[in-house]
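Here is final.pdb, consisting of PDB, C-alpha atoms and all ligand atoms:
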```pdb
ATOM      1  CA  HIS A  16       0.000   0.000   0.000
ATOM      2  CA  SER A  17       2.689   2.457   1.031
ATOM      3  CA  LYS A  18       4.676   1.612  -2.080
ATOM      4  CA  ASN A  19       1.636   2.406  -4.174
ATOM      5  CA  GLN A  20       1.175   5.763  -2.444
ATOM      6  CA  GLY A  21       4.804   6.515  -2.976
ATOM      7  CA  ARG A  22       4.478   5.796  -6.650
ATOM      8  CA  ASN A  23       1.413   7.996  -6.932
ATOM      9  CA  ALA A  24       3.217  10.788  -5.158
ATOM     10  CA  TYR A  25       6.124  10.407  -7.547
ATOM     11  CA  HIS A  26       3.827  10.360 -10.536
ATOM     12  CA  PHE A  27       2.002  13.464  -9.333
ATOM     13  CA  PHE A  28       5.278  15.245  -8.779
ATOM     14  CA  THR A  29       6.574  14.625 -12.296
ATOM     15  CA  GLU A  30       3.264  15.604 -13.866
ATOM     16  CA  ASP A  31       3.405  18.796 -11.878
ATOM     17  CA  MET A  32       6.913  19.458 -13.036
ATOM     18  CA  ASN A  33       5.989  18.760 -16.611
ATOM     19  CA  ALA A  34       3.156  21.254 -16.418
ATOM     20  CA  GLY A  35       5.580  23.935 -15.195
ATOM     21  CA  VAL A  36       8.184  23.127 -17.822
ATOM     22  CA  GLN A  37       5.543  22.936 -20.513
ATOM     23  CA  ARG A  38       4.085  26.318 -19.628
ATOM     24  CA  ARG A  39       7.505  27.878 -19.635
ATOM     25  CA  LEU A  40       8.274  26.455 -23.067
ATOM     26  CA  GLN A  41       4.911  27.618 -24.363
ATOM     27  CA  ILE A  42       5.486  31.124 -23.040
ATOM     28  CA  GLU A  43       8.917  31.169 -24.613
ATOM     29  CA  GLU A  44       7.607  29.966 -27.952
ATOM     30  CA  GLN A  45       4.738  32.454 -28.017
ATOM     31  CA  MET A  46       6.974  35.305 -26.891
ATOM     32  CA  HIS A  47       9.258  34.987 -29.907
ATOM     33  CA  SER A  48       6.580  36.308 -32.242
ATOM     34  CA  ALA A  49       4.549  38.353 -29.755
ATOM     35  CA  LEU A  50       6.170  41.713 -30.624
ATOM     36  CA  GLY A  51       5.484  41.186 -34.321
ATOM     37  CA  ARG A  52       1.874  40.299 -33.587
ATOM     38  CA  ASN A  53       1.437  43.428 -31.477
ATOM     39  CA  GLU A  54       0.505  41.528 -28.340
ATOM     40  CA  PHE A  55       2.255  43.841 -25.890
ATOM     41  CA  SER A  56       0.742  47.017 -24.519
ATOM     42  CA  LEU A  57       1.409  49.427 -21.691
ATOM     43  CA  ARG A  58      -0.562  50.590 -18.699
ATOM     44  CA  TYR A  59       0.257  53.827 -16.932
ATOM     45  CA  GLN A  60       0.027  54.250 -13.189
ATOM     46  CA  PRO A  61      -0.164  57.842 -11.923
ATOM     47  CA  VAL A  62       2.506  59.097  -9.533
ATOM     48  CA  LEU A  63       1.245  61.775  -7.139
ATOM     49  CA  ASP A  64       3.452  64.658  -6.021
ATOM     50  CA  LEU A  65       2.650  64.999  -2.315
ATOM     51  CA  LYS A  66       3.818  68.583  -1.991
ATOM     52  CA  ASN A  67       1.253  70.014  -4.430
ATOM     53  CA  ASN A  68      -1.185  67.117  -4.850
ATOM     54  CA  ARG A  69      -0.561  67.066  -8.609
ATOM     55  CA  ILE A  70       0.238  64.178 -10.927
ATOM     56  CA  ALA A  71       3.997  64.282 -11.443
ATOM     57  CA  GLY A  72       4.034  61.538 -14.027
ATOM     58  CA  ALA A  73       3.360  57.861 -14.514
ATOM     59  CA  GLU A  74       5.060  54.500 -14.372
ATOM     60  CA  ALA A  75       4.760  52.487 -17.581
ATOM     61  CA  LEU A  76       3.898  48.851 -16.875
ATOM     62  CA  LEU A  77       4.039  46.172 -19.526
ATOM     63  CA  ARG A  78       1.097  43.890 -20.329
ATOM     64  CA  TRP A  79       0.965  40.853 -22.591
ATOM     65  CA  HIS A  80      -2.158  39.333 -24.068
ATOM     66  CA  ASN A  81      -1.567  36.196 -26.115
ATOM     67  CA  PRO A  82      -4.341  34.448 -28.081
ATOM     68  CA  VAL A  83      -3.227  31.005 -26.861
ATOM     69  CA  LEU A  84      -2.201  31.746 -23.278
ATOM     70  CA  GLY A  85      -4.459  34.678 -22.457
ATOM     71  CA  ASN A  86      -3.144  37.408 -20.165
ATOM     72  CA  ILE A  87       0.246  36.622 -18.700
ATOM     73  CA  SER A  88       1.512  38.657 -15.766
ATOM     74  CA  PRO A  89       4.846  40.466 -16.027
ATOM     75  CA  GLU A  90       5.937  38.669 -12.838
ATOM     76  CA  GLU A  91       5.756  35.482 -14.917
ATOM     77  CA  PHE A  92       6.944  36.554 -18.361
ATOM     78  CA  ILE A  93       9.630  39.152 -17.588
ATOM     79  CA  PRO A  94      12.007  36.597 -16.028
ATOM     80  CA  ILE A  95      11.581  34.417 -19.138
ATOM     81  CA  ALA A  96      12.117  37.424 -21.414
ATOM     82  CA  GLU A  97      15.344  38.085 -19.504
ATOM     83  CA  GLN A  98      16.562  34.497 -19.783
ATOM     84  CA  THR A  99      15.913  34.404 -23.535
ATOM     85  CA  GLY A 100      17.268  37.886 -24.254
ATOM     86  CA  LEU A 101      13.904  38.953 -25.688
ATOM     87  CA  ILE A 102      13.679  41.634 -23.005
ATOM     88  CA  VAL A 103      16.043  43.762 -25.113
ATOM     89  CA  PRO A 104      13.706  44.254 -28.129
ATOM     90  CA  ILE A 105      10.655  44.237 -25.857
ATOM     91  CA  GLY A 106      12.353  46.873 -23.705
ATOM     92  CA  TYR A 107      12.827  49.127 -26.747
ATOM     93  CA  PHE A 108       9.142  48.781 -27.514
ATOM     94  CA  VAL A 109       8.404  49.902 -23.936
ATOM     95  CA  LEU A 110      10.754  52.886 -24.211
ATOM     96  CA  GLU A 111       9.357  53.939 -27.582
ATOM     97  CA  GLN A 112       5.708  53.735 -26.485
ATOM     98  CA  SER A 113       6.417  55.408 -23.149
ATOM     99  CA  LEU A 114       8.231  58.353 -24.661
ATOM    100  CA  LYS A 115       5.518  58.797 -27.235
ATOM    101  CA  ALA A 116       2.964  59.003 -24.434
ATOM    102  CA  ALA A 117       5.224  61.300 -22.396
ATOM    103  CA  ARG A 118       5.527  63.649 -25.381
ATOM    104  CA  LYS A 119       1.755  63.887 -25.563
ATOM    105  CA  TRP A 120       1.226  64.434 -21.833
ATOM    106  CA  SER A 121       4.072  66.954 -21.636
ATOM    107  CA  THR A 122       2.146  69.021 -24.133
ATOM    108  CA  THR A 123      -1.382  68.495 -22.875
ATOM    109  CA  TYR A 124      -0.879  68.254 -19.116
ATOM    110  CA  SER A 125       2.445  69.524 -17.749
ATOM    111  CA  ASN A 126       5.846  70.212 -19.258
ATOM    112  CA  GLU A 127       7.320  68.641 -16.114
ATOM    113  CA  PHE A 128       5.651  65.307 -16.746
ATOM    114  CA  THR A 129       7.969  62.360 -16.013
ATOM    115  CA  ILE A 130       7.529  58.883 -17.414
ATOM    116  CA  ALA A 131       9.103  56.046 -15.418
ATOM    117  CA  VAL A 132      10.274  52.968 -17.306
ATOM    118  CA  ASN A 133      11.479  49.715 -15.732
ATOM    119  CA  LEU A 134      14.807  48.428 -17.027
ATOM    120  CA  SER A 135      16.098  44.881 -16.711
ATOM    121  CA  PRO A 136      19.746  44.155 -15.946
ATOM    122  CA  LEU A 137      20.144  42.644 -19.405
ATOM    123  CA  GLN A 138      18.989  45.862 -21.082
ATOM    124  CA  PHE A 139      21.534  47.748 -19.053
ATOM    125  CA  LYS A 140      24.276  45.492 -20.422
ATOM    126  CA  ASP A 141      23.331  46.443 -24.004
ATOM    127  CA  PRO A 142      26.113  48.785 -25.168
ATOM    128  CA  LYS A 143      23.686  50.656 -27.434
ATOM    129  CA  LEU A 144      21.199  51.391 -24.664
ATOM    130  CA  ILE A 145      22.265  54.928 -23.805
ATOM    131  CA  VAL A 146      22.686  56.072 -27.404
ATOM    132  CA  LYS A 147      19.275  54.663 -28.282
ATOM    133  CA  ILE A 148      17.621  56.321 -25.300
ATOM    134  CA  LYS A 149      19.131  59.659 -26.316
ATOM    135  CA  GLU A 150      17.918  59.172 -29.888
ATOM    136  CA  LEU A 151      14.433  58.299 -28.695
ATOM    137  CA  LEU A 152      14.311  61.363 -26.444
ATOM    138  CA  ALA A 153      15.461  63.598 -29.277
ATOM    139  CA  SER A 154      13.031  62.149 -31.800
ATOM    140  CA  HIS A 155      10.192  62.786 -29.364
ATOM    141  CA  ARG A 156      11.499  66.277 -28.581
ATOM    142  CA  LEU A 157      11.864  65.483 -24.890
ATOM    143  CA  GLU A 158      14.456  66.603 -22.361
ATOM    144  CA  GLY A 159      16.241  63.938 -20.345
ATOM    145  CA  ASN A 160      14.320  64.818 -17.211
ATOM    146  CA  ALA A 161      11.091  63.614 -18.837
ATOM    147  CA  LEU A 162      12.413  60.080 -18.313
ATOM    148  CA  SER A 163      13.122  58.145 -15.151
ATOM    149  CA  LEU A 164      14.714  54.711 -15.381
ATOM    150  CA  GLU A 165      13.713  52.271 -12.662
ATOM    151  CA  ILE A 166      16.326  49.693 -11.866
ATOM    152  CA  THR A 167      16.700  47.006  -9.245
ATOM    153  CA  GLU A 168      19.805  45.714  -7.542
ATOM    154  CA  GLY A 169      20.397  43.218 -10.314
ATOM    155  CA  VAL A 170      21.649  46.036 -12.571
ATOM    156  CA  LEU A 171      24.323  46.938 -10.082
ATOM    157  CA  LEU A 172      25.844  43.497  -9.776
ATOM    158  CA  GLY A 173      28.898  42.847 -11.886
ATOM    159  CA  ASN A 174      30.903  45.509 -13.686
ATOM    160  CA  GLN A 175      30.840  48.431 -11.281
ATOM    161  CA  ILE A 176      32.983  50.793 -13.351
ATOM    162  CA  LYS A 177      30.749  50.350 -16.425
ATOM    163  CA  VAL A 178      27.623  50.934 -14.355
ATOM    164  CA  GLN A 179      29.141  54.050 -12.753
ATOM    165  CA  GLU A 180      29.957  55.363 -16.243
ATOM    166  CA  ALA A 181      26.462  54.623 -17.510
ATOM    167  CA  PHE A 182      24.917  56.402 -14.510
ATOM    168  CA  GLN A 183      27.138  59.405 -15.123
ATOM    169  CA  GLU A 184      26.243  59.581 -18.792
ATOM    170  CA  LEU A 185      22.542  59.249 -18.084
ATOM    171  CA  SER A 186      22.545  61.904 -15.394
ATOM    172  CA  ASP A 187      24.608  64.234 -17.618
ATOM    173  CA  SER A 188      21.631  64.049 -19.989
ATOM    174  CA  GLY A 189      19.261  64.865 -17.154
ATOM    175  CA  ILE A 190      17.759  61.372 -17.144
ATOM    176  CA  GLN A 191      16.689  60.317 -13.668
ATOM    177  CA  ILE A 192      17.635  57.004 -12.137
ATOM    178  CA  SER A 193      15.423  55.438  -9.568
ATOM    179  CA  MET A 194      16.106  52.454  -7.307
ATOM    180  CA  ASP A 195      13.051  50.214  -7.498
ATOM    181  CA  ASP A 196      11.826  47.812  -4.789
ATOM    182  CA  PHE A 197      13.989  49.466  -2.158
ATOM    183  CA  GLY A 198      14.339  47.415   0.998
ATOM    184  CA  THR A 199      13.868  43.994  -0.551
ATOM    185  CA  GLY A 200      17.419  43.299  -1.713
ATOM    186  CA  TYR A 201      20.606  42.412   0.070
ATOM    187  CA  SER A 202      22.600  45.609   0.004
ATOM    188  CA  SER A 203      20.334  48.464  -1.006
ATOM    189  CA  LEU A 204      22.071  50.727   1.510
ATOM    190  CA  ASN A 205      25.488  50.053   0.088
ATOM    191  CA  TYR A 206      24.261  50.811  -3.427
ATOM    192  CA  LEU A 207      22.769  54.102  -2.314
ATOM    193  CA  ARG A 208      26.187  55.082  -1.069
ATOM    194  CA  GLU A 209      28.002  53.982  -4.224
ATOM    195  CA  TYR A 210      25.681  55.227  -6.949
ATOM    196  CA  LYS A 211      23.871  58.485  -7.504
ATOM    197  CA  PHE A 212      20.122  57.894  -7.559
ATOM    198  CA  GLN A 213      17.587  60.715  -7.866
ATOM    199  CA  THR A 214      14.850  58.674  -6.249
ATOM    200  CA  LEU A 215      14.208  55.484  -4.400
ATOM    201  CA  LYS A 216      10.950  53.587  -4.406
ATOM    202  CA  ILE A 217      10.006  51.973  -1.125
ATOM    203  CA  ASP A 218       8.846  48.473  -1.971
ATOM    204  CA  ARG A 219       5.138  47.848  -1.660
ATOM    205  CA  SER A 220       5.680  45.058   0.884
ATOM    206  CA  PHE A 221       6.311  47.784   3.488
ATOM    207  CA  MET A 222       2.886  49.244   2.711
ATOM    208  CA  GLN A 223       1.296  45.776   2.936
ATOM    209  CA  ASP A 224       2.694  45.314   6.444
ATOM    210  CA  PHE A 225       1.853  48.867   7.472
ATOM    211  CA  ALA A 226      -1.066  48.127   9.778
ATOM    212  CA  LEU A 227       0.089  44.648  10.837
ATOM    213  CA  ASP A 228       3.568  45.232  11.953
ATOM    214  CA  LYS A 229       4.857  48.262  13.877
ATOM    215  CA  SER A 230       8.288  47.938  12.317
ATOM    216  CA  ALA A 231       6.932  48.663   8.807
ATOM    217  CA  PRO A 232       6.001  52.333   9.449
ATOM    218  CA  ALA A 233       9.202  52.752  11.460
ATOM    219  CA  LEU A 234      11.250  51.499   8.518
ATOM    220  CA  ILE A 235       9.334  53.696   6.066
ATOM    221  CA  ASN A 236      10.002  56.712   8.247
ATOM    222  CA  ALA A 237      13.699  55.860   8.617
ATOM    223  CA  THR A 238      14.045  55.268   4.854
ATOM    224  CA  ILE A 239      12.555  58.679   4.051
ATOM    225  CA  ALA A 240      14.861  60.413   6.546
ATOM    226  CA  MET A 241      17.924  58.579   5.276
ATOM    227  CA  ALA A 242      17.110  59.230   1.616
ATOM    228  CA  HIS A 243      16.594  62.931   2.289
ATOM    229  CA  ALA A 244      19.900  63.105   4.147
ATOM    230  CA  LEU A 245      21.492  61.783   0.942
ATOM    231  CA  ASP A 246      19.529  64.219  -1.235
ATOM    232  CA  VAL A 247      17.471  61.405  -2.734
ATOM    233  CA  GLU A 248      13.710  61.743  -3.244
ATOM    234  CA  VAL A 249      11.284  59.034  -2.178
ATOM    235  CA  ILE A 250       8.345  57.401  -3.940
ATOM    236  CA  ALA A 251       6.129  55.110  -1.875
ATOM    237  CA  GLU A 252       4.775  52.171  -3.901
ATOM    238  CA  GLY A 253       1.627  50.164  -3.284
ATOM    239  CA  VAL A 254      -0.275  52.814  -1.316
ATOM    240  CA  GLU A 255      -3.751  51.368  -0.826
ATOM    241  CA  GLU A 256      -5.094  53.056   2.308
ATOM    242  CA  GLN A 257      -5.748  56.678   3.216
ATOM    243  CA  GLU A 258      -4.050  56.016   6.561
ATOM    244  CA  GLN A 259      -0.835  55.125   4.726
ATOM    245  CA  LEU A 260      -1.004  58.232   2.575
ATOM    246  CA  ASP A 261      -1.561  60.466   5.622
ATOM    247  CA  TYR A 262       1.463  58.904   7.305
ATOM    248  CA  LEU A 263       3.638  59.411   4.205
ATOM    249  CA  ILE A 264       2.627  63.059   3.927
ATOM    250  CA  ARG A 265       3.398  63.616   7.635
ATOM    251  CA  LYS A 266       6.829  62.069   7.201
ATOM    252  CA  GLY A 267       7.673  64.216   4.192
ATOM    253  CA  CYS A 268       7.617  61.493   1.539
ATOM    254  CA  ASN A 269       7.844  63.136  -1.914
ATOM    255  CA  PHE A 270       5.635  60.947  -4.118
ATOM    256  CA  ALA A 271       3.053  58.199  -3.822
ATOM    257  CA  GLN A 272       1.781  55.533  -6.174
ATOM    258  CA  GLY A 273      -0.815  52.835  -5.579
ATOM    259  CA  TYR A 274      -4.364  51.608  -5.907
ATOM    260  CA  LEU A 275      -5.650  54.285  -3.492
ATOM    261  CA  LEU A 276      -4.932  56.786  -6.244
ATOM    262  CA  SER A 277      -5.353  54.587  -9.258
ATOM    263  CA  LYS A 278      -4.586  51.208 -10.746
ATOM    264  CA  PRO A 279      -2.391  51.168 -13.859
ATOM    265  CA  LEU A 280      -4.563  52.586 -16.686
ATOM    266  CA  THR A 281      -4.772  52.359 -20.454
ATOM    267  CA  GLU A 282      -3.538  55.418 -22.325
ATOM    268  CA  GLN A 283      -7.103  56.568 -22.859
ATOM    269  CA  ASP A 284      -8.159  56.077 -19.230
ATOM    270  CA  PHE A 285      -4.990  57.778 -18.039
ATOM    271  CA  GLU A 286      -5.907  60.849 -20.087
ATOM    272  CA  ALA A 287      -9.377  60.866 -18.568
ATOM    273  CA  PHE A 288      -7.727  60.611 -15.136
ATOM    274  CA  LEU A 289      -5.471  63.606 -15.904
ATOM    275  CA  ASN A 290      -8.432  65.686 -16.996
ATOM    276  CA  ASP A 291     -10.486  64.812 -13.929
TER     277      ASP A 291
HETATM  278  P1  LIG A 301       7.411  47.258 -10.166
HETATM  279  O1  LIG A 301       8.245  48.024 -11.115
HETATM  280  O2  LIG A 301       7.815  47.302  -8.733
HETATM  281  O3  LIG A 301       5.944  47.770 -10.402
HETATM  282  C1  LIG A 301       4.981  47.936  -9.418
HETATM  283  C2  LIG A 301       3.980  46.799  -9.424
HETATM  284  O4  LIG A 301       3.054  46.996  -8.355
HETATM  285  C3  LIG A 301       3.119  46.731 -10.667
HETATM  286  O5  LIG A 301       2.824  45.356 -10.909
HETATM  287  C4  LIG A 301       1.850  47.465 -10.248
HETATM  288  O6  LIG A 301       0.711  47.118 -11.014
HETATM  289  C5  LIG A 301       1.734  46.989  -8.821
HETATM  290  N1  LIG A 301       0.969  47.909  -7.971
HETATM  291  C6  LIG A 301       0.845  49.247  -8.086
HETATM  292  N2  LIG A 301       0.110  49.767  -7.096
HETATM  293  C7  LIG A 301      -0.257  48.737  -6.309
HETATM  294  C8  LIG A 301      -1.039  48.642  -5.114
HETATM  295  O7  LIG A 301      -1.534  49.607  -4.546
HETATM  296  N3  LIG A 301      -1.170  47.396  -4.580
HETATM  297  C9  LIG A 301      -0.625  46.292  -5.149
HETATM  298  N4  LIG A 301      -0.815  45.118  -4.573
HETATM  299  N5  LIG A 301       0.112  46.344  -6.286
HETATM  300  C10 LIG A 301       0.299  47.555  -6.843
HETATM  301  P2  LIG A 301       2.920  44.753 -12.385
HETATM  302  O8  LIG A 301       2.403  45.740 -13.378
HETATM  303  O9  LIG A 301       2.296  43.402 -12.324
HETATM  304  O10 LIG A 301       4.468  44.606 -12.619
HETATM  305  C11 LIG A 301       5.227  43.735 -11.836
HETATM  306  C12 LIG A 301       6.704  43.934 -12.073
HETATM  307  O11 LIG A 301       7.047  43.551 -13.416
HETATM  308  C13 LIG A 301       7.165  45.372 -11.941
HETATM  309  O12 LIG A 301       7.356  45.693 -10.579
HETATM  310  C14 LIG A 301       8.450  45.323 -12.716
HETATM  311  O13 LIG A 301       9.494  44.788 -11.922
HETATM  312  C15 LIG A 301       8.123  44.331 -13.820
HETATM  313  N6  LIG A 301       7.782  45.087 -15.045
HETATM  314  C16 LIG A 301       6.596  45.617 -15.437
HETATM  315  N7  LIG A 301       6.702  46.240 -16.630
HETATM  316  C17 LIG A 301       8.009  46.108 -17.002
HETATM  317  C18 LIG A 301       8.772  46.549 -18.148
HETATM  318  O14 LIG A 301       8.303  47.239 -19.059
HETATM  319  N8  LIG A 301      10.102  46.185 -18.166
HETATM  320  C19 LIG A 301      10.689  45.454 -17.176
HETATM  321  N9  LIG A 301      11.981  45.152 -17.285
HETATM  322  N10 LIG A 301      10.007  45.061 -16.077
HETATM  323  C20 LIG A 301       8.680  45.386 -15.998
HETATM  324 MG    MG A 302       8.962  49.879 -11.181
HETATM  325 MG    MG A 303       8.734  48.261  -7.329
HETATM  326 MG    MG A 304       9.143  44.800  -8.675
END
```

Translate the structure described by the file into structure tokens.
Amino acid sequence: HSKNQGRNAYHFFTEDMNAGVQRRLQIEEQMHSALGRNEFSLRYQPVLDLKNNRIAGAEALLRWHNPVLGNISPEEFIPIAEQTGLIVPIGYFVLEQSLKAARKWSTTYSNEFTIAVNLSPLQFKDPKLIVKIKELLASHRLEGNALSLEITEGVLLGNQIKVQEAFQELSDSGIQISMDDFGTGYSSLNYLREYKFQTLKIDRSFMQDFALDKSAPALINATIAMAHALDVEVIAEGVEEQEQLDYLIRKGCNFAQGYLLSKPLTEQDFEAFLND
């Protein structure tokens, strides 16, 4: 009997594994032609400036709808896009679309509008990245400060000199660099010391723990104070409750982003939101 159970357990396990491997392969296969079939689109999540209660800009967030697989979350497909290298062309699509939208909203809403774009470590390793970003800015008649690049710790691993040079070149063009998911990595503090960031984004997990765990607000408060001491601005991510927003305003946080304000929106809905 026990042998039978064991065999069933084994069987179940391999089937489970196969399902995971199969899905991954399917995603990979579909992704190869997804750009050409126009399956990617962007959503824009408003970023609120807490000092004047105005929309400072938006974060561009990638979406993928595939006819076979349906909607696939970026948490699932971005890692695969990174492993296959497809994140590089997909990333250029994101930059192109984002800057096109930023051009429009700079004209119609505010000439200080900033679009935030997430960059993968692999994109950062592309030697043409900076030149292409500059070309895209120029072709959309945008200044560097219309763009903020959101990077995670992964970008900073490896060739430090090259990364320092890239940061310098980007900031010489006025392009902002933002440390995403702050507080979730291993050495965020060290990186803040070594590299010049304009902003840091407090990871949304701190907001999720806000009411549950006294240390979460304490850490948010300490992060804001530390960032300001280093002349770095702070964006709070994942703000869902008024109580959280009130706390952030009291502590001098610069910007907030989250469902309390708005979910990520289509271009059209974002425009309606701006005009509201
Ligand atoms: P991220 O850059 O940290 O983006 C914030 C994520 O939090 C987004 O998830 C957003 O929809 C979600 N979010 C915003 N407000 C709230 C809130 O109040 N509550 C909760 N629970 N969630 C909130 P999304 O769009 O699923 O993206 C997940 C991650 O995928 C992003 O995390 C980013 O790391 C990556 N990603 C998305 N678009 C791109 C892209 O164009 N390029 C690259 N390289 N990565 C991207
Ligand atoms: Mg981000
Ligand atoms: Mg984040
Ligand atoms: Mg993230």

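The smallest atom-to-atom distance between ligand MG 304 (chain A) and any of A:Ile93, A:Ala153, A:Leu172, A:Leu207, using only C-alpha atoms and all ligand atoms, is found for A:Ile93.
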
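The spacing separating CA of Thr167 in chain A from CA of Ala73 in chain A amounts to 18.0 Å.
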
Quiz item: Could you work out how far CA of Glu74 in chain A lies from CA of Thr99 in chain A, giving the answer in Å with one decimal?
Solution: 24.6 Å

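Coordinates place CA of Arg156 in chain A at a distance of 28.2 Å from atom C12 of ligand LIG 301 (chain A).
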
Quiz item: ligand LIG 301 (chain A): which residues are within 7 Å, counting all atoms listed in the file, as a ChimeraX atom specification?
Solution: /A:75-77,88-90,93,102,106,109,132-135,195-196,218-219,252-255,272-275,278-279

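Of the listed residues A:Arg39, A:Lys149, A:His243, A:Arg208, the one whose atoms come nearest to Pro94 in chain A is A:Arg39, with distances taken using only C-alpha atoms.
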
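Close to (-6.2, 60.7, -7.4), meaning no more than 8 Å away when counting all atoms listed in the file, sit the residues Leu63, Leu275, Leu276, Ser277 and Phe288 of chain A.
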
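Nearest-residue note for ligand MG 303 (chain A): choosing from A:Leu162, A:Ala131, A:Ile190, A:Leu151, the minimum distance belongs to A:Ala131, counting only C-alpha atoms and all ligand atoms.
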
Self-check item: Spatial neighbours of Leu204 in chain A, 12 Å, all atoms listed in the file, chain gap at least 2 places, as a PyMOL selection string
Solution: chain A and resi 168+194+197-202+206-210+212+215+238+241-242+245

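By chain and then residue number, the residues within 10 Å of Leu137 in chain A are Ala96, Glu97, Gln98, Gly100, Leu101, Ile102, Val103, Gly106, Gly169 and Val170 of chain A, counting only C-alpha atoms and disregarding those fewer than 5 positions away in sequence.
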
Quiz item: Smallest atom-to-atom distance to ligand MG 302 (chain A): which of A:Ser203, A:Ser193, A:Asn160, A:Ser125, using all atoms listed in the file?
Solution: A:Ser193

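Take the candidates A:Val36, A:Ala271, A:Met46, A:Ile148 and check each one against ligand MG 303 (chain A) using all atoms listed in the file; the shortest distance goes to A:Ala271.
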
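The nearest approach to Met222 in chain A among the residues A:Ile192, A:Leu263, A:Leu114, A:Ile239, with only C-alpha atoms taken into account, belongs to A:Leu263.
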
Quiz item: So which residues touch Asn269 in chain A within 9 Å, counting all atoms listed in the file, skipping near sequence neighbours fewer than 5 positions away, as a PyMOL selection string?
Solution: chain A and resi 63-66+239+248-251+263-264

Quiz item: Could you pull the residues within 8 Å of Ala117 in chain A, counting only C-alpha atoms, minus those fewer than 2 positions along the same chain, as a list in words?
Solution: Ser113, Leu114, Lys115, Lys119, Trp120, Ser121, Phe128, Thr129, Ile130 and Ala161 of chain A

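Here the PyMOL selection byres (((chain A and resi 61) around 6) and not hetatm) captures the residues Gln60, Val62, Gly72 and Ala73 of chain A.
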